[in-house]
file my_file-v2.cif (mmCIF, C-alpha atoms)
data_run
loop_
_atom_site.label_atom_id
_atom_site.label_comp_id
_atom_site.auth_asym_id
_atom_site.auth_seq_id
_atom_site.Cartn_x
_atom_site.Cartn_y
_atom_site.Cartn_z
CA ASP A 1 8.04 -12.86 3.58
CA ALA A 2 8.60 -12.07 7.25
CA LYS A 3 5.41 -11.23 9.14
CA THR A 4 4.42 -8.43 11.48
CA THR A 5 2.00 -8.41 14.40
CA GLN A 6 0.03 -5.31 15.36
CA PRO A 7 -2.91 -4.67 17.71
CA ASN A 8 -6.21 -4.64 15.83
CA SER A 9 -7.24 -1.26 17.19
CA MET A 10 -6.12 1.61 19.41
CA GLU A 11 -7.70 4.77 20.73
CA SER A 12 -6.11 8.12 21.35
CA ASN A 13 -7.14 11.55 22.50
CA GLU A 14 -6.64 14.54 20.29
CA GLU A 15 -3.36 16.44 20.80
CA GLU A 16 -1.81 13.59 22.78
CA PRO A 17 1.09 11.42 21.58
CA VAL A 18 0.31 8.01 20.11
CA HIS A 19 2.63 5.01 20.15
CA LEU A 20 1.71 2.30 17.67
CA PRO A 21 3.61 -0.95 18.31
CA CYS A 22 4.69 -3.61 15.81
CA ASN A 23 6.37 -6.95 16.44
CA HIS A 24 8.50 -8.56 13.75
CA SER A 25 10.51 -11.28 15.46
CA THR A 26 11.46 -13.04 12.18
CA ILE A 27 12.92 -9.95 10.55
CA SER A 28 16.02 -10.59 8.44
CA GLY A 29 19.08 -8.42 8.07
CA THR A 30 17.97 -7.07 4.68
CA ASP A 31 14.41 -6.15 5.74
CA TYR A 32 13.43 -2.52 6.02
CA ILE A 33 10.55 -1.56 8.34
CA HIS A 34 7.94 0.48 6.51
CA TRP A 35 4.83 2.20 7.87
CA TYR A 36 1.88 3.21 5.74
CA ARG A 37 -1.51 4.51 6.73
CA GLN A 38 -4.85 4.42 4.98
CA LEU A 39 -7.41 7.11 5.67
CA PRO A 40 -11.06 6.33 4.95
CA SER A 41 -11.89 6.27 1.23
CA GLN A 42 -8.26 6.82 0.19
CA GLY A 43 -5.33 4.75 -0.97
CA PRO A 44 -2.52 3.93 1.46
CA GLU A 45 -0.07 6.73 2.20
CA TYR A 46 3.62 6.29 3.01
CA VAL A 47 4.52 7.45 6.53
CA ILE A 48 8.11 6.47 7.28
CA HIS A 49 10.66 3.67 6.95
CA GLY A 50 13.93 2.64 8.56
CA LEU A 51 16.50 -0.12 8.86
CA THR A 52 18.32 0.11 12.19
CA SER A 53 18.42 3.66 13.48
CA ASN A 54 15.49 5.70 14.70
CA VAL A 55 14.02 7.95 12.02
CA ASN A 56 12.12 11.23 12.12
CA ASN A 57 10.18 13.06 9.45
CA ARG A 58 7.44 15.67 9.32
CA MET A 59 4.71 13.09 9.82
CA ALA A 60 6.06 10.82 12.54
CA SER A 61 9.00 9.17 14.29
CA LEU A 62 10.03 5.54 14.04
CA ALA A 63 11.72 3.92 17.02
CA ILE A 64 13.41 0.60 16.23
CA ALA A 65 14.44 -1.81 18.97
CA GLU A 66 18.12 -2.64 19.21
CA ASP A 67 17.49 -6.28 18.20
CA ARG A 68 15.13 -5.05 15.42
CA LYS A 69 12.42 -7.47 16.51
CA SER A 70 9.98 -4.68 17.23
CA SER A 71 9.35 -1.07 16.33
CA THR A 72 7.04 1.76 17.33
CA LEU A 73 5.50 4.47 15.20
CA ILE A 74 5.12 7.67 17.18
CA LEU A 75 2.66 10.40 16.27
CA HIS A 76 3.69 13.31 18.47
CA ARG A 77 0.32 15.08 18.65
CA ALA A 78 -2.63 13.17 17.29
CA THR A 79 -5.25 15.08 15.33
CA LEU A 80 -8.66 13.93 14.16
CA ARG A 81 -7.15 13.64 10.65
CA ASP A 82 -4.77 10.95 11.92
CA ALA A 83 -7.65 8.49 12.34
CA ALA A 84 -6.72 5.72 9.93
CA VAL A 85 -5.52 2.13 9.61
CA TYR A 86 -1.75 2.01 10.19
CA TYR A 87 0.23 -0.78 8.55
CA CYS A 88 3.67 -1.96 9.65
CA ILE A 89 5.35 -3.81 6.76
CA LEU A 90 8.71 -5.52 6.27
CA ARG A 91 10.18 -5.03 2.83
CA SER A 92 13.31 -6.83 1.69
CA ASN A 93 16.15 -4.82 0.23
CA GLN A 94 16.57 -7.72 -2.20
CA GLY A 95 13.77 -6.27 -4.23
CA GLY A 96 10.09 -6.33 -4.79
CA LYS A 97 7.07 -6.88 -2.73
CA LEU A 98 5.30 -4.67 -0.22
CA ILE A 99 2.93 -7.07 1.55
CA PHE A 100 0.35 -5.58 3.92
CA GLY A 101 -0.62 -7.22 7.22
CA GLN A 102 -3.84 -6.58 9.11
CA GLY A 103 -2.84 -3.18 10.50
CA THR A 104 -4.00 -1.17 13.51
CA GLU A 105 -7.14 0.92 13.27
CA LEU A 106 -6.47 4.14 15.16
CA SER A 107 -9.38 6.23 16.35
CA VAL A 108 -8.82 9.74 17.74
CA LYS A 109 -11.27 11.27 20.20
CA PRO A 110 -11.78 15.05 20.44
CA ASP B 1 -4.30 15.16 -3.96
CA THR B 2 -2.44 12.06 -5.01
CA GLU B 3 0.29 12.05 -7.68
CA VAL B 4 -1.00 8.72 -8.98
CA THR B 5 -4.23 9.14 -10.93
CA GLN B 6 -6.67 6.29 -11.39
CA THR B 7 -9.68 6.26 -13.68
CA PRO B 8 -12.51 5.66 -13.44
CA LYS B 9 -13.22 6.24 -9.74
CA HIS B 10 -16.20 3.89 -9.87
CA LEU B 11 -17.09 1.12 -12.33
CA VAL B 12 -20.05 -1.22 -12.52
CA MET B 13 -19.79 -4.07 -14.99
CA GLY B 14 -21.61 -7.24 -15.86
CA MET B 15 -19.96 -10.64 -15.86
CA THR B 16 -19.80 -10.72 -19.66
CA ASN B 17 -18.36 -7.22 -20.09
CA LYS B 18 -14.80 -6.23 -20.94
CA LYS B 19 -13.50 -3.11 -19.24
CA SER B 20 -10.16 -1.52 -18.37
CA LEU B 21 -8.82 0.33 -15.36
CA LYS B 22 -6.22 3.02 -15.99
CA CYS B 23 -3.42 4.39 -13.86
CA GLU B 24 -1.03 7.25 -14.63
CA GLN B 25 1.97 8.77 -12.85
CA HIS B 26 4.37 11.51 -13.93
CA MET B 27 6.98 11.20 -11.18
CA GLY B 28 9.45 9.33 -13.39
CA HIS B 29 8.92 6.16 -11.39
CA ARG B 30 10.01 2.90 -13.05
CA ALA B 31 8.02 0.44 -10.93
CA MET B 32 4.23 0.18 -10.94
CA TYR B 33 1.87 -2.04 -8.99
CA TRP B 34 -1.71 -3.29 -8.89
CA TYR B 35 -3.33 -4.16 -5.55
CA LYS B 36 -6.83 -5.43 -4.77
CA GLN B 37 -8.58 -4.50 -1.53
CA LYS B 38 -11.79 -6.02 -0.21
CA ALA B 39 -13.82 -4.18 2.41
CA LYS B 40 -12.20 -4.08 5.88
CA LYS B 41 -9.17 -6.05 4.61
CA PRO B 42 -5.61 -5.00 3.81
CA PRO B 43 -4.54 -4.47 0.18
CA GLU B 44 -3.36 -7.64 -1.59
CA LEU B 45 -0.60 -7.46 -4.18
CA MET B 46 -1.59 -8.59 -7.68
CA PHE B 47 1.12 -7.48 -10.13
CA VAL B 48 4.43 -5.62 -10.19
CA TYR B 49 5.98 -4.02 -13.26
CA SER B 50 9.60 -2.97 -13.37
CA TYR B 51 10.88 -0.94 -16.32
CA GLU B 52 7.65 -1.78 -18.19
CA LYS B 53 8.17 -5.53 -17.81
CA LEU B 54 6.00 -7.75 -15.63
CA SER B 55 8.22 -8.91 -12.77
CA ILE B 56 5.72 -10.31 -10.26
CA ASN B 57 2.34 -11.99 -10.81
CA GLU B 58 0.86 -13.19 -7.53
CA SER B 59 -1.03 -16.09 -9.16
CA VAL B 60 -3.80 -13.80 -10.31
CA PRO B 61 -6.55 -15.40 -12.47
CA SER B 62 -6.23 -14.75 -16.20
CA ARG B 63 -9.47 -12.75 -16.26
CA PHE B 64 -7.24 -9.94 -14.96
CA SER B 65 -4.71 -8.88 -17.59
CA PRO B 66 -2.20 -6.12 -16.82
CA GLU B 67 -0.49 -3.96 -19.40
CA CYS B 68 2.21 -1.32 -19.13
CA PRO B 69 2.28 0.61 -22.45
CA ASN B 70 4.96 3.03 -21.22
CA SER B 71 6.69 4.07 -18.03
CA SER B 72 3.87 6.44 -17.02
CA LEU B 73 0.85 4.25 -17.69
CA LEU B 74 -0.50 1.04 -16.25
CA ASN B 75 -3.72 -0.65 -17.31
CA LEU B 76 -5.69 -3.55 -15.90
CA HIS B 77 -7.92 -5.25 -18.45
CA LEU B 78 -10.93 -7.06 -17.04
CA HIS B 79 -12.91 -9.82 -18.75
CA ALA B 80 -15.49 -12.32 -17.53
CA LEU B 81 -15.23 -11.23 -13.92
CA GLN B 82 -17.20 -12.76 -11.08
CA PRO B 83 -19.20 -10.92 -8.38
CA GLU B 84 -16.52 -11.87 -5.83
CA ASP B 85 -14.05 -9.75 -7.84
CA SER B 86 -15.89 -6.64 -6.63
CA ALA B 87 -13.32 -4.64 -4.69
CA LEU B 88 -11.22 -1.49 -4.62
CA TYR B 89 -8.37 -1.74 -7.11
CA LEU B 90 -5.34 0.32 -6.17
CA CYS B 91 -2.46 1.37 -8.37
CA ALA B 92 0.90 2.43 -6.97
CA SER B 93 4.31 3.49 -8.24
CA SER B 94 7.83 3.74 -6.85
CA GLN B 95 11.26 4.78 -8.09
CA GLY B 96 12.38 1.18 -8.45
CA VAL B 97 11.77 -2.35 -7.34
CA LEU B 98 15.02 -4.11 -8.10
CA LYS B 99 17.65 -5.19 -5.61
CA GLY B 100 18.82 -2.29 -3.51
CA HIS B 101 15.70 -0.22 -4.00
CA ASN B 102 13.53 0.52 -1.00
CA SER B 103 11.79 3.62 -2.21
CA PRO B 104 8.29 4.28 -0.87
CA LEU B 105 5.19 3.44 -2.86
CA HIS B 106 2.85 6.22 -3.92
CA PHE B 107 -0.76 5.03 -4.18
CA GLY B 108 -3.73 6.31 -6.10
CA ASN B 109 -7.15 6.45 -4.47
CA GLY B 110 -8.36 3.44 -6.39
CA THR B 111 -11.19 2.34 -8.64
CA ARG B 112 -14.22 0.96 -6.82
CA LEU B 113 -15.35 -1.98 -8.98
CA THR B 114 -18.73 -3.68 -8.70
CA VAL B 115 -19.41 -6.80 -10.75
CA THR B 116 -23.11 -7.62 -11.20
#
call {"tool": "encode", "arguments": {"input": "my_file-v2.cif", "output": "structure tokens"}}
result
Amino acid sequence: DAKTTQPNSMESNEEEPVHLPCNHSTISGTDYIHWYRQLPSQGPEYVIHGLTSNVNNRMASLAIAEDRKSSTLILHRATLRDAAVYYCILRSNQGGKLIFGQGTELSVKP
Amino acid sequence: DTEVTQTPKHLVMGMTNKKSLKCEQHMGHRAMYWYKQKAKKPPELMFVYSYEKLSINESVPSRFSPECPNSSLLNLHLHALQPEDSALYLCASSQGVLKGHNSPLHFGNGTRLTVT
């Protein structure tokens, strides 16, 4: 399984945008880029996923580099409820596993 | 509220006990998963079921025995566990897991297991 690299932790101020980076230099052509987050005392929650083009949904935006070797999850206005561990995961379109890496712990200051 | 329901929320068991964790979803999903998560660590995949058949076992010890009685239910039977098996056990489901499927996983909030 191809690996991802994320910073261990990041800090943000409330109501400011947050850019969470992820490197995945060994990504293959069939790998989708998934983002999940895990709030304290809860199971992981799906945020967004994409293959090549940038993606937007109600929770966040996903910006994917042209060579697909990195991506950035963008939270447009951070709230205190966005404090969580954010996981960037590669998942093959050939089926199966969702393997979590170490993730980035995001803290949001009022 | 999560659409994947796990029971019980908390479980304390001795090393000689037999217990079961239960997971239920009513989203019509055909793939179901068990993950184990130790404190301050990411979730680790244990088992994947696809169309009620076990498709992935990540070399999990036999004291953990999964069962998928129907497409909505997933159990994890526990027997002769060790204290180091204490963890949060997460269940998840998705529309599919076979080639071509990349549907998101929906997770429950887990069962917090303590083995004494």
call {"tool": "closest_atom_pairs", "arguments": {"input": "my_file-v2.cif", "of": "chain B", "to": "chain A", "cutoff": "12 Å", "atoms": "all atoms listed in the file", "output": "Markdown table"}}
result
| residue | atom | partner | partner_atom | distance |
| --- | --- | --- | --- | --- |
| B:Asp1 | CA | A:Gln42 | CA | 10.1 |
| B:Thr2 | CA | A:Gly43 | CA | 8.8 |
| B:Glu3 | CA | A:Glu45 | CA | 11.2 |
| B:Val4 | CA | A:Gly43 | CA | 9.9 |
| B:Thr5 | CA | A:Gly43 | CA | 10.9 |
| B:Gln6 | CA | A:Gly43 | CA | 10.6 |
| B:Lys9 | CA | A:Ser41 | CA | 11.1 |
| B:Ala31 | CA | A:Gly96 | CA | 9.4 |
| B:Met32 | CA | A:Gly96 | CA | 10.7 |
| B:Tyr33 | CA | A:Lys97 | CA | 9.5 |
| B:Trp34 | CA | A:Leu98 | CA | 11.2 |
| B:Tyr35 | CA | A:Ile99 | CA | 9.9 |
| B:Lys36 | CA | A:Gly43 | CA | 11.0 |
| B:Gln37 | CA | A:Gly43 | CA | 9.8 |
| B:Ala39 | CA | A:Ser41 | CA | 10.7 |
| B:Lys40 | CA | A:Gln102 | CA | 9.3 |
| B:Lys41 | CA | A:Gln102 | CA | 7.0 |
| B:Pro42 | CA | A:Gln102 | CA | 5.8 |
| B:Pro43 | CA | A:Phe100 | CA | 6.3 |
| B:Glu44 | CA | A:Phe100 | CA | 7.0 |
| B:Leu45 | CA | A:Ile99 | CA | 6.7 |
| B:Met46 | CA | A:Lys97 | CA | 10.1 |
| B:Phe47 | CA | A:Lys97 | CA | 9.5 |
| B:Val48 | CA | A:Gly96 | CA | 7.9 |
| B:Tyr49 | CA | A:Gly96 | CA | 9.7 |
| B:Ser50 | CA | A:Gly96 | CA | 9.2 |
| B:Leu54 | CA | A:Gly96 | CA | 11.7 |
| B:Ser55 | CA | A:Gly96 | CA | 8.6 |
| B:Ile56 | CA | A:Gly96 | CA | 8.1 |
| B:Asn57 | CA | A:Lys97 | CA | 10.7 |
| B:Glu58 | CA | A:Lys97 | CA | 10.1 |
| B:Leu88 | CA | A:Gly43 | CA | 9.3 |
| B:Tyr89 | CA | A:Gly43 | CA | 9.4 |
| B:Leu90 | CA | A:Gly43 | CA | 6.8 |
| B:Cys91 | CA | A:Gly43 | CA | 8.6 |
| B:Ala92 | CA | A:Gly43 | CA | 9.0 |
| B:Ser93 | CA | A:Leu98 | CA | 11.5 |
| B:Ser94 | CA | A:Gly96 | CA | 10.5 |
| B:Gln95 | CA | A:Gly96 | CA | 11.6 |
| B:Gly96 | CA | A:Gly96 | CA | 8.7 |
| B:Val97 | CA | A:Gly96 | CA | 5.0 |
| B:Leu98 | CA | A:Gly95 | CA | 4.6 |
| B:Lys99 | CA | A:Gly95 | CA | 4.3 |
| B:Gly100 | CA | A:Asn93 | CA | 5.2 |
| B:His101 | CA | A:Asn93 | CA | 6.3 |
| B:Asn102 | CA | A:Asn93 | CA | 6.1 |
| B:Ser103 | CA | A:His49 | CA | 9.2 |
| B:Pro104 | CA | A:Tyr46 | CA | 6.4 |
| B:Leu105 | CA | A:Tyr46 | CA | 6.7 |
| B:His106 | CA | A:Glu45 | CA | 6.8 |
| B:Phe107 | CA | A:Gly43 | CA | 5.6 |
| B:Gly108 | CA | A:Gly43 | CA | 5.6 |
| B:Asn109 | CA | A:Gly43 | CA | 4.3 |
| B:Gly110 | CA | A:Gly43 | CA | 6.3 |
| B:Thr111 | CA | A:Gly43 | CA | 9.9 |
| B:Arg112 | CA | A:Ser41 | CA | 9.9 |
call {"tool": "atom_distance", "arguments": {"input": "my_file-v2.cif", "atom1": "atom CA of Gln6 of chain A", "atom2": "atom CA of Lys69 of chain A"}}
result
12.6 Å
call {"tool": "atom_distance", "arguments": {"input": "my_file-v2.cif", "atom1": "atom CA of Arg81 of chain A", "atom2": "atom CA of Lys38 of chain B"}}
result
22.9 Å
call {"tool": "residues_near_point", "arguments": {"input": "my_file-v2.cif", "point": "(-7.3, 3.7, 9.0)", "cutoff": "8 Å", "atoms": "all atoms listed in the file", "output": "list of chain:residue names"}}
result
A:Arg37, A:Gln38, A:Leu39, A:Pro40, A:Ala83, A:Ala84, A:Val85, A:Tyr86, A:Thr104, A:Glu105, A:Leu106
call {"tool": "resolve_selection", "arguments": {"input": "my_file-v2.cif", "expression": "the PyMOL selection byres ((chain B and resi 20) around 7)", "output": "number ranges by chain"}}
result
B: 19, 21-22, 75-78
call {"tool": "atom_distance", "arguments": {"input": "my_file-v2.cif", "atom1": "atom CA of Ser28 of chain A", "atom2": "atom CA of Thr52 of chain A"}}
result
11.6 Å
call {"tool": "resolve_selection", "arguments": {"input": "my_file-v2.cif", "expression": "the PyMOL selection byres ((chain A and resi 80) around 12)", "output": "list in words"}}
result
Glu11, Ser12, Asn13, Glu14, Glu15, Glu16, Leu39, Arg77, Ala78, Thr79, Arg81, Asp82, Ala83, Ala84, Leu106, Ser107, Val108, Lys109 and Pro110 of chain A
call {"tool": "closest_residue", "arguments": {"input": "my_file-v2.cif", "among": "A:His76, A:Met10, A:Ser25, A:Arg68", "to": "Ser53 of chain A", "atoms": "all atoms listed in the file"}}
result
A:Arg68
call {"tool": "resolve_selection", "arguments": {"input": "my_file-v2.cif", "expression": "the PyMOL selection byres ((chain B and resi 12) around 12)", "output": "list in words"}}
result
Pro8, Lys9, His10, Leu11, Met13, Gly14, Met15, Thr16, Asn17, Lys18, Lys19, Ser20, Leu21, Leu78, Leu81, Gln82, Pro83, Asp85, Ser86, Ala87, Leu88, Thr111, Arg112, Leu113, Thr114, Val115 and Thr116 of chain B
call {"tool": "residues_near_point", "arguments": {"input": "my_file-v2.cif", "point": "(-11.5, -12.7, -17.8)", "cutoff": "7 Å", "atoms": "only C-alpha atoms", "output": "PDB file with C-alpha atoms, keeping the file's coordinate frame"}}
result
ATOM      1  CA  SER B  62      -6.230 -14.750 -16.200  1.00  0.00           C
ATOM      2  CA  ARG B  63      -9.470 -12.750 -16.260  1.00  0.00           C
ATOM      3  CA  PHE B  64      -7.240  -9.940 -14.960  1.00  0.00           C
ATOM      4  CA  LEU B  78     -10.930  -7.060 -17.040  1.00  0.00           C
ATOM      5  CA  HIS B  79     -12.910  -9.820 -18.750  1.00  0.00           C
ATOM      6  CA  ALA B  80     -15.490 -12.320 -17.530  1.00  0.00           C
ATOM      7  CA  LEU B  81     -15.230 -11.230 -13.920  1.00  0.00           C
TER       8      LEU B  81
END
call {"tool": "closest_residue", "arguments": {"input": "my_file-v2.cif", "among": "B:Pro61, B:Leu73, B:Thr7, B:Glu84", "to": "His29 of chain B", "atoms": "all atoms listed in the file"}}
result
B:Leu73
